[in-house]
Structures are given as C-alpha cells and as structure tokens.
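The block underneath contains the structure these notes are about, expressed in structure tokens.
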Amino acid sequence: MQETRKRFGISRKALATGVAAALLISGVGAISASASAKKPAKKPAAAKEIYDFYKPKCPKNATTLKIATPIILEVGGQAEQLIADDFMKACPNVKVEFIAIPSNDLPQKLTTMAIGGNMPDMYVHFTSFTGKALQMRVFEDLIPLLGKDYISGWDPMFFEESVINGKMIFAPWVGIPTAVLYRKDLWAAAGNPAFPKTWDEFLAVAKKLTVDTDKDGKIDQYGWAIVGTPNGSGQGRFSQVVRNSGGYNYRETASGKWESGATTKGYLDALTLYQNAVKEGVVPPGYTTTGYPEASAQIANGKGVMMITGPHSLGIIMKTNPALDGKIGGFPMPTNNGAKPVTTLGNLGYAVSKSGKNKPLAIEYIKFQLSTKYQLAYNKVEWRLPSRLKAQKDPQVTGGMAAGFVGALKGGLWTEPTASFNGSIVKVDYEAYSEAFQGKKTPEQIQKEADAKIKKIIADNS
Amino acid sequence: MKSAFAKRESRSGLVFAGPAALFMFALVIYPMAYGMFISTQRTNLIDEWEFVGAKYYLQLISDSEFYETLSTTTLFAACVVIGNMLLGLLLAVIVNQKIPMANFFKVILMLPWLFPEVVVGLIWKWIFSPLFGLLNHFLFTFNLIETETDVLGRETTAFIGVVFVCIWKGYPIVMLMMMAGMKNIPQERYEAASIDGANKWQQFRHVTLPGLKPIILVAIILETAWWFKHFTIIWLMTGGGPAGRTETVSLEIYLQAFTNFNFGRAAAESVIILLILMIASLIYARVLRDESE
C-alpha cells in the first residue's frame, strides 16, 4: 500500500470533513494507500493548535510510564529526556522510564516484547513497523482517545500516514523527509557546481567532488558518503533512489495483490548507479560496512560531501563537528526517467500499547510532548520536521540548514508498503545493491535475480 | 511378580531420577518439541495460529538459496573447526614443552577466549576498516598496498576475514582441552617410545595423537556444533554480506524470524539444522570409534 502521493494540502473545511470521515468510516487507510496521484493543494490556512503548552492531568497514585524508544540513544535524546523531566515535574507521582532500543532493532525488539506479553505502555512507531503492528494488533486506536479537536492540529500528510483502516496507530511526532545533504564549504571549493537534477548528473558532480585535497597522491575526499550496510538504513536510501528513478521494489495492485517491481527501469537505474559509483571511485572505501553513523561521520570530517538522508543527520553531524554550523545544506533528490522528486515522510511518533495499563496517562503524555514548546525543542537539537501545523510555521523550522529538506516535501510523497513480509523484500533489496557493489554481475542480472526472489516471497506469503 | 524389594528399588530410582528428568523435560525436550510444533504453524506467536503441516519444510527443500546458505555454513564451520583444531593442537604441544615462561604464554594465548564475542567482532571490524583501521595503516606503512583494502567489503576476502577472526576467538578452548588431554597421557609411553628410538615427530604421531583421540572427538563434535550455528561475530562484522557471501544458517534463521517475522519457517530451518548436527555427531563418533577399534 504505497504510491507516490502529492502533498495533500487542503482547506480547513475540507480538513475537518476529512477528519470527520476518518472518525466515522474505516477508509482512511485507503486514502494513504491510493495508487492515484493527488492534486497538490495548500495546507490549512491557519494552523490550529489547541495546546501550545499542555498541562497534563496527573494520576492520583504513583505510576511508572514505560516507553520503548530509539530516540533516547540519538542526538534527539536530550529533547526526549527534557520532555520526560518536565512531565515528571508537572506530575511528581509519575516516573517516565525509557527502554532504549537502537532504531534498526526496534521492530525485532517490539515483536519479542509483544510475544512475551511484555509490551511497554508506549513505543516509538516507524512506518516500516506498520505492517507488523497491524498483524500483531499491538496498538490502541488513538482517534477516540485524542479527540477530533486535537487531531485537526496535525499536518494532514502526517495524520494520513498514521491512520490505517480508520485506526490511528501512532501519534505523529516528527518527520524526516529525504533529500541530498551536502557540505556547502566543500561544494564551494569545487566551484559551486549546479545541483544535479538527474542521477547521471549526480554521479558527475560526485566525481568532481572526489579529490586529493592534500596532494599526497591519495584521494581523501569522496563525493558521495553512501550508506551501503545490509540493513534498513542502507535499504531505505536505495529505495529512495529507486523511487526517484520512477521504479519500485513491490507494490499492491488495485485488485489487492502484491507484485514485484524489480523489473522496472527505475530499479535497474538504481542498481546501475550504485555499481557505477563504486567503479568511478566516488564513494569512500568500506561502503558495504558503512552504516548511517559512519556515513554521517564521513560528512562531519570531510571524507564525504553528499549523503542521501533526512534533516536528522544535521544533529549527529553537528554534534561531531560543531564548526559546521551553517555549512550544511540540502537539495531535492535527483530523478531519472521523467520521474518527479519524491520522498518518504519518515514519519514517527509514540504509539500506545493495546495491552498497556496506563492508557489515559499515555494520552496525557502524548499531548504534553506534542506541545508547540516541545516540538520546537526537539527540532532545535535534531532538525526533524514537527508534525503539528503550528510548530511547522515557526521560523526555526522553515529557515536555516534544514530548509532544503523541508523543501523536499514540495514534491510527491510515498509510503513504505505495509505487507507483513516487507522485511524479506528489504533483504532482497540490500542483497541486490550489495551485489551491484561487487561488480561481478551486471545490473540486469541482479535485477532478474531480485525479481525472482520477490516473486517467490510474494508466492510463499500468499 | 516383582518382589517388595524390587518395587521399593524401582520407586527409589524414580524418586532419584525424577527431578533430573523434569529438568531435562523443561529445559531440553519441551523447547525442542515447541520449536517443532511452531515449524508446522503459520503464526505471529500471539494470537494467530494456523496449521500448515510440512509447508515450510517443502519450501526449504525447493529453495536454492537455502542450499546456498547451508553450503556457506558448512564451509565456514569446516574452515573454523579445522583451523581451531590445528592451531589449538599446535599451541598446546608448544606450551606443553619445558620452555621458559610457559605459564605466561598459556595465559596470553587464552586471552582471545576471555573476550566476549561482541567485543571481538567489533574490534576486528574496526581493525579491518579501510578508512580508519589498523590493518590498512600497517599495509600502507610497509608499502604493501597503494589503495585502501576493504577486507569485509569484498566477497573474496570477507569470508576469509570472518573465518580468521573466528579461529582467533576459538582456538584457545581447543588448546585448553588438548593441554588437559596431554596431562593424562602417561609419561612412560614417551619413555618407551624414546628407548625404541622414536624421534619427537614419531612420538607425537604414535603416542600423543592416539592418546588425545577421545579429546579430539569431543572437541570436534563441540566445535562443529558451536561454529555451525554461530551468529554473533558474523552478524557484527558483515551482517551476512557482502551480497550474502557470509550469510550462515543462524543469520538466515534470525532474519526469517525477526525481520520477516516468519516464525514457522525459521523454526523449520532450526529443526533441519538440529537434524544435520545430530547426523554429523553420529558420523564423527562412528569414524573415530572405528579407527580406535
């Protein structure tokens, strides 16, 4: 259930109607899953925010609120901890306890917790976990718990993605639209080349940025800090390239069946790009074991100039090298085959466990955490895009280094498919680009093998 | 008809063996039986249980990728076990000699075994890193390479790199077992061999090795089972890559269970591995027993 979706800006009246429809019928999931492109429209003219600072209703008894989160391990963790500390000050008989889980391990850990009947009260939900959450039915529908007044304060594109089959499975907190992050200073040193519009141009610019800066005969600056690890971080970026080349890995057809997209031209182009990037030497050595943290470090220390990523990388890069303040920017993804730039929203937020014992308190915490004050506090340390309309309009969000990433949302949006076997497709993708790195098989051969694997996975799971 | 004594003895036997049998059932039989049960189910392990019979076994039998993974695992386990046995035995023989500071060397050589696997995997991953690693630094220093060598990024070297690290991690336990075994070989046998004119190699070939045969059998069985289902170091160093060249069955089972969330198929794979290891153990035991007879 995914497709390229135009930004869904609508009038307030239309938004209210849409929300009401979401409350009454179980068809909102179909909206987000629609295969047809939607006409671009404007956001609600005036952002509605009923809680710039929400004063929580505290429980009478001492209570511990357990939250499974990867954020606490990241740069944004200081904002998450600040929110928890302030909440505990507001409700002294509440203890907020974080269960820290690395983001790549989150689906596995949550699954294990669910099987063991040990789910925390709340957990951070990524859209990549949606399929499994639906299959395991581990979440509480938030629409009746939050109320429609509150719901209308969300940016519709964030809200839509959180609602599947009429149920709101998480409360969108922040998004990380994908674009190309680049070092402005190193870009200028290369003569400020024009931003690439196609992947061929991207490769050409990457070659230009790959240089021996200290003239010792060894390349020490590479154009593209590629994330090539065989995991979700690597596959997510590969998938962005595939989408921005007009292809896809798999999708649900109008008749409700899954089909492979590995034979699309876009998939082939993405494999070709990955193979050529290695052949041309524009990616730093060690690309198959370069994960998100390593690639971010390459940008921070000047080993890499461009990186496909979201604004959250600004946080980790700035933490590593604070001198880069103001020296990092972003531009929309290049495309191929006439495709328009598209991005995932990278939407994440807290979900409330169905088996949780503190659901009313969890709702209080969500409203508190989504206050404008804290949306901006999180944005300040990690540049992630707030989900609430009021916070989005703050100059802190719309300006500065993250502006290029916010701009990426002006193109189309696509959402990861929600098949329960999505993890197997992810594996096929990362095996495909790993094979492309090796250079022993042609992209066509790799594409053919990937197609056969995806078809088998679909057949085995139907 | 049983006598009263025989009945009493039988009851006593049950009382003595009962607790151990219960533990055995709870910790060994039940998990194995549960795993076999899951392998016949399409399940989320919470509230979705659908009997699918031998579906996952049939899928695996016709899956060429599974055979590739099995082949990679077999080669990996064989290389590591042979490496561990040869290195462990060699070092045991050396430190068993009357050499100065033998105890010091024994402690040093045991160190890799004392490190947790997670630490070993990460340390060697960093050593092999083409950008920041020590290996490339030394190779550059001695002008052995002109561009960075990405050991774990190339399919030809990644497998060798992982096997090397696993041997580094695994040889000390074999060395320890061999040293213990050598202590049990009577000194008189060496004296007799020496009187008969046997040199050091002949003593090793005809006295030490036969004396170590029971230890070697146990070590090979334990090592094979251990490395055939090894997960941690491979996962940390390569994650099964590049392009699946270091993907062993343990990684495949983990990915099936916790990435694809296909618990039934993961359980079926586990059952197949159990059977393979049981057969391998029987073959080892038979071969070594025949030789000793």
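Every chain in the structure tokens has a letter given in the order shown (A, B, ...), and although residue numbers restart at 1 in each chain, ligands are simply numbered from 1 in the order shown.
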Closest contacts (chain A/chain B, max 7 Å, only C-alpha atoms) as CSV:
residue,atom,partner,partner_atom,distance
A:Gln108,CA,B:Phe258,CA,5.2
A:Ile115,CA,B:Ile46,CA,5.6
A:Met136,CA,B:Asn44,CA,6.7
A:Pro230,CA,B:Gly239,CA,6.6
A:Pro285,CA,B:Pro130,CA,5.9
A:Gly286,CA,B:Asp150,CA,5.5
A:Thr288,CA,B:Gly153,CA,5.2
A:Thr289,CA,B:Gly153,CA,6.7
A:Phe421,CA,B:Asn260,CA,5.3
A:Asn422,CA,B:Asn260,CA,6.8
A:Gly423,CA,B:Asn260,CA,4.5
A:Ser424,CA,B:Asn260,CA,5.2
A:Glu431,CA,B:Ala243,CA,4.8
A:Ser434,CA,B:Ala243,CA,4.7
A:Glu435,CA,B:Ala243,CA,4.9
A:Gln438,CA,B:Arg154,CA,6.7
Please list as a VMD selection string every residue within 10 Å of Ile94 of chain B, counting only C-alpha atoms and excluding residues in the same chain fewer than 6 positions away. chain B and resid 88 102 105 to 106 179
I'd like the neighbourhood of segment 268-276 of chain B as a VMD selection string, where a residue qualifies if any of its atoms comes within 8 Å (using only C-alpha atoms), though same-chain residues fewer than 5 positions away should be ignored. chain B and resid 35 to 36 38 to 40 56 to 57 60 249 253
Those same residues, written as a short mmCIF file (atom, residue, chain, number, x, y, z; two decimals), in the first residue's frame with N, CA and C atoms?
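See out29.cif below for the written result:
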data_model
loop_
_atom_site.label_atom_id
_atom_site.label_comp_id
_atom_site.auth_asym_id
_atom_site.auth_seq_id
_atom_site.Cartn_x
_atom_site.Cartn_y
_atom_site.Cartn_z
N GLY B 35 9.52 -25.97 19.36
CA GLY B 35 10.10 -25.50 18.09
C GLY B 35 9.56 -26.31 16.92
N MET B 36 9.47 -27.62 17.11
CA MET B 36 8.94 -28.48 16.04
C MET B 36 7.47 -28.16 15.78
N ILE B 38 6.00 -25.24 16.26
CA ILE B 38 5.92 -23.94 15.57
C ILE B 38 6.24 -24.10 14.08
N SER B 39 7.13 -25.05 13.77
CA SER B 39 7.52 -25.23 12.36
C SER B 39 6.35 -25.73 11.51
N THR B 40 5.27 -26.13 12.14
CA THR B 40 4.09 -26.57 11.38
C THR B 40 2.98 -25.52 11.41
N TYR B 56 6.49 -25.40 5.26
CA TYR B 56 7.78 -24.71 5.33
C TYR B 56 8.94 -25.65 5.00
N TYR B 57 8.80 -26.92 5.37
CA TYR B 57 9.85 -27.89 5.03
C TYR B 57 9.91 -28.07 3.51
N LEU B 60 11.55 -25.14 1.93
CA LEU B 60 13.01 -25.15 2.12
C LEU B 60 13.69 -26.15 1.19
N VAL B 249 23.39 -20.16 8.30
CA VAL B 249 22.01 -20.51 8.63
C VAL B 249 21.49 -19.77 9.87
N ILE B 253 18.09 -17.81 9.91
CA ILE B 253 17.00 -18.10 10.85
C ILE B 253 16.59 -16.82 11.58
#
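Using only C-alpha atoms, the protein and nucleic acid residues lying no more than 8 Å from Glu382 of chain A, apart from those fewer than 2 places from it along its own chain, are Val75, Gly76, Pro311, His312, Ser313, Leu314, Gly315, Ile316, Tyr378, Asn379, Lys380 and Arg384 of chain A.
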Residue subset to file, keeping N, CA and C atoms, as a compact mmCIF listing (two decimals), in the first residue's frame:
# COMPACT_ATOMS: atom_id res chain seq x y z
N VAL A 75 20.87 11.89 19.02
CA VAL A 75 21.09 13.28 19.43
C VAL A 75 19.80 13.87 20.00
N GLY A 76 18.66 13.48 19.42
CA GLY A 76 17.37 13.99 19.89
C GLY A 76 17.02 13.51 21.29
N PRO A 311 16.85 15.43 7.59
CA PRO A 311 17.43 16.53 8.37
C PRO A 311 17.99 16.09 9.73
N HIS A 312 17.57 14.89 10.19
CA HIS A 312 18.08 14.43 11.49
C HIS A 312 19.59 14.26 11.47
N SER A 313 20.15 14.03 10.26
CA SER A 313 21.60 13.86 10.17
C SER A 313 22.34 15.13 10.58
N LEU A 314 21.67 16.26 10.43
CA LEU A 314 22.31 17.52 10.84
C LEU A 314 22.71 17.45 12.31
N GLY A 315 21.86 16.82 13.11
CA GLY A 315 22.12 16.71 14.55
C GLY A 315 23.39 15.95 14.83
N ILE A 316 23.52 14.77 14.24
CA ILE A 316 24.69 13.92 14.51
C ILE A 316 25.95 14.54 13.92
N TYR A 378 12.63 19.79 20.23
CA TYR A 378 13.20 18.64 19.52
C TYR A 378 13.81 19.10 18.20
N ASN A 379 13.08 19.97 17.50
CA ASN A 379 13.57 20.47 16.21
C ASN A 379 14.92 21.18 16.38
N LYS A 380 15.06 21.83 17.53
CA LYS A 380 16.28 22.63 17.75
C LYS A 380 17.53 21.75 17.83
N ARG A 384 14.53 17.67 12.98
CA ARG A 384 13.42 16.89 12.41
C ARG A 384 12.21 17.80 12.25
Tell me, as a PyMOL selection string, which residues lie within 12 Å of Leu145 of chain A, counting only C-alpha atoms; anything in the same chain fewer than 6 positions away does not count. chain A and resi 23+151+167-171+351-352+359-364+366-367
From segment 97-251 of chain B, collect each residue whose DSSP state is alpha helix (DSSP H) and return the set as a PyMOL selection string. chain B and resi 102-114+117-128+134-141+155-183+187-195+200-203+209-228+232-237+249-251
Any chance you could list, as JSON, numbers by chain, the residues in segment 37-240 of chain A that come up strand (DSSP E) when DSSP is run on the backbone? {"A": [63, 64, 65, 66, 67, 68, 69, 94, 95, 96, 97, 98, 99, 100, 122, 123, 124, 125, 126, 163, 164, 167, 168, 171, 172, 173, 174, 175, 179, 180, 181, 182, 183, 222, 223, 224]}
Selected residues, N, CA and C atoms, written as a tab-separated table (two decimals), in the first residue's frame, please.
chain	number	residue	atom	x	y	z
A	63	THR	N	2.80	6.21	39.55
A	63	THR	CA	2.71	5.39	38.33
A	63	THR	C	4.01	5.49	37.55
A	64	THR	N	4.39	4.37	36.95
A	64	THR	CA	5.55	4.37	36.05
A	64	THR	C	5.07	4.21	34.62
A	65	LEU	N	5.49	5.13	33.78
A	65	LEU	CA	5.12	5.09	32.37
A	65	LEU	C	6.34	4.59	31.60
A	66	LYS	N	6.21	3.40	31.01
A	66	LYS	CA	7.35	2.81	30.30
A	66	LYS	C	7.24	3.10	28.81
A	67	ILE	N	8.34	3.60	28.23
A	67	ILE	CA	8.34	3.98	26.81
A	67	ILE	C	9.55	3.34	26.12
A	68	ALA	N	9.28	2.53	25.09
A	68	ALA	CA	10.38	1.96	24.28
A	68	ALA	C	10.71	2.95	23.18
A	69	THR	N	11.96	3.37	23.12
A	69	THR	CA	12.31	4.42	22.16
A	69	THR	C	13.76	4.32	21.69
A	94	VAL	N	4.52	10.64	38.83
A	94	VAL	CA	4.74	9.82	37.64
A	94	VAL	C	6.24	9.67	37.39
A	95	LYS	N	6.63	8.42	37.09
A	95	LYS	CA	8.03	8.19	36.70
A	95	LYS	C	8.03	7.74	35.24
A	96	VAL	N	8.71	8.50	34.41
A	96	VAL	CA	8.82	8.11	32.99
A	96	VAL	C	10.10	7.30	32.83
A	97	GLU	N	9.93	6.07	32.36
A	97	GLU	CA	11.08	5.17	32.24
A	97	GLU	C	11.28	4.81	30.77
A	98	PHE	N	12.44	5.15	30.22
A	98	PHE	CA	12.71	4.84	28.82
A	98	PHE	C	13.37	3.48	28.68
A	99	ILE	N	12.92	2.72	27.69
A	99	ILE	CA	13.60	1.48	27.33
A	99	ILE	C	14.30	1.78	26.01
A	100	ALA	N	15.62	1.93	26.06
A	100	ALA	CA	16.37	2.37	24.89
A	100	ALA	C	16.64	1.21	23.93
A	122	MET	N	4.03	2.62	26.04
A	122	MET	CA	4.12	3.32	24.76
A	122	MET	C	5.39	2.88	24.05
A	123	TYR	N	5.40	3.07	22.75
A	123	TYR	CA	6.62	2.78	21.98
A	123	TYR	C	6.68	3.71	20.79
A	124	VAL	N	7.89	3.95	20.33
A	124	VAL	CA	8.05	4.77	19.12
A	124	VAL	C	7.73	3.91	17.91
A	125	HIS	N	6.85	4.43	17.07
A	125	HIS	CA	6.40	3.68	15.89
A	125	HIS	C	6.98	4.31	14.63
A	126	PHE	N	7.69	3.50	13.83
A	126	PHE	CA	8.12	3.92	12.50
A	126	PHE	C	7.11	3.35	11.50
A	163	VAL	N	-2.91	6.78	9.99
A	163	VAL	CA	-4.23	6.15	10.06
A	163	VAL	C	-4.33	5.05	9.00
A	164	ILE	N	-4.56	3.84	9.46
A	164	ILE	CA	-4.72	2.70	8.56
A	164	ILE	C	-6.05	2.05	8.91
A	167	LYS	N	-8.02	3.44	11.76
A	167	LYS	CA	-7.46	3.46	13.11
A	167	LYS	C	-6.13	4.21	13.12
A	168	MET	N	-6.01	5.08	14.11
A	168	MET	CA	-4.77	5.85	14.21
A	168	MET	C	-3.78	5.04	15.05
A	171	ALA	N	0.82	8.53	17.15
A	171	ALA	CA	0.62	9.98	17.16
A	171	ALA	C	1.83	10.64	16.52
A	172	PRO	N	1.74	11.06	15.25
A	172	PRO	CA	2.92	11.60	14.57
A	172	PRO	C	3.61	12.68	15.39
A	173	TRP	N	4.89	12.56	15.47
A	173	TRP	CA	5.69	13.48	16.29
A	173	TRP	C	6.56	14.34	15.37
A	174	VAL	N	7.42	13.66	14.59
A	174	VAL	CA	8.31	14.38	13.68
A	174	VAL	C	8.46	13.58	12.38
A	175	GLY	N	8.95	14.27	11.36
A	175	GLY	CA	9.22	13.60	10.09
A	175	GLY	C	10.63	13.89	9.63
A	179	ALA	N	16.35	14.02	1.36
A	179	ALA	CA	16.90	14.86	0.30
A	179	ALA	C	18.39	14.54	0.22
A	180	VAL	N	19.13	15.33	-0.53
A	180	VAL	CA	20.59	15.14	-0.57
A	180	VAL	C	21.23	16.20	0.32
A	181	LEU	N	21.85	15.73	1.39
A	181	LEU	CA	22.57	16.64	2.28
A	181	LEU	C	23.96	16.89	1.68
A	182	TYR	N	24.46	18.11	1.78
A	182	TYR	CA	25.79	18.37	1.24
A	182	TYR	C	26.55	19.38	2.08
A	183	ARG	N	27.86	19.33	1.98
A	183	ARG	CA	28.74	20.29	2.67
A	183	ARG	C	28.89	21.53	1.80
A	222	TYR	N	35.59	12.23	-0.83
A	222	TYR	CA	34.76	11.50	-1.79
A	222	TYR	C	33.42	12.21	-1.96
A	223	GLY	N	32.89	12.13	-3.18
A	223	GLY	CA	31.67	12.87	-3.50
A	223	GLY	C	30.44	12.39	-2.75
A	224	TRP	N	30.35	11.07	-2.57
A	224	TRP	CA	29.09	10.51	-2.04
A	224	TRP	C	29.39	9.62	-0.83
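Distances here use only C-alpha atoms; by that measure, the residue among A:Thr418, A:Ser260, A:Asn192, A:Gln375 closest to Lys448 of chain A is A:Ser260.
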What is the distance between atom CA of Ala62 of chain A and atom CA of Tyr350 of chain A, in Å to one decimal?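 Interatomic distance here is 22.0 Å.
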Between atom CA of Lys455 of chain A and atom CA of Glu259 of chain A, measure the distance and give it in Å to one decimal. 7.2 Å
Can you pull out every residue within 12 Å of segment 184-193 of chain B, counting only C-alpha atoms, but drop anything in the same chain fewer than 2 positions away, and send it as a short mmCIF file (atom, residue, chain, number, x, y, z; two decimals) with C-alpha atoms, in the first residue's frame?
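As written to disk, selection_24.cif reads:
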data_model
loop_
_atom_site.label_atom_id
_atom_site.label_comp_id
_atom_site.auth_asym_id
_atom_site.auth_seq_id
_atom_site.Cartn_x
_atom_site.Cartn_y
_atom_site.Cartn_z
CA MET B 177 41.27 -29.24 26.05
CA MET B 178 44.38 -30.61 24.34
CA MET B 179 46.62 -29.49 27.19
CA ALA B 180 44.32 -31.26 29.65
CA GLY B 181 44.37 -34.36 27.44
CA MET B 182 48.17 -34.37 27.26
CA ILE B 195 64.00 -46.11 24.15
CA ASP B 196 62.65 -47.61 20.89
CA GLY B 197 64.36 -44.72 19.05
CA ALA B 198 61.29 -42.64 18.19
CA ASN B 199 62.02 -39.00 17.40
CA LYS B 200 59.79 -36.11 18.52
CA TRP B 201 57.54 -36.27 15.47
CA GLN B 202 57.15 -40.06 15.80
CA GLN B 203 56.35 -39.63 19.49
CA PHE B 204 53.71 -37.08 18.60
CA ARG B 205 52.32 -39.24 15.78
CA HIS B 206 52.22 -42.55 17.68
CA VAL B 207 51.86 -41.53 21.33
CA THR B 208 50.35 -38.06 21.67
CA LEU B 209 47.75 -38.24 18.91
CA PRO B 210 46.34 -41.67 19.87
CA GLY B 211 46.28 -40.54 23.49
CA LEU B 212 44.32 -37.45 22.54
CA LYS B 213 41.78 -39.25 20.37
CA PRO B 214 38.90 -39.13 22.91
CA ILE B 215 39.56 -35.43 23.49
#
Test item: residues at most 9 Å from Trp168 of chain B, only C-alpha atoms, excluding those fewer than 6 positions along its chain, as a ChimeraX atom specification: /B:84,112-113
Could you check how far atom CA of Ile101 of chain A sits from atom CA of Met119 of chain A, in Å to one decimal?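 Atom-to-atom, atom CA of Ile101 of chain A to atom CA of Met119 of chain A, that is 13.2 Å.
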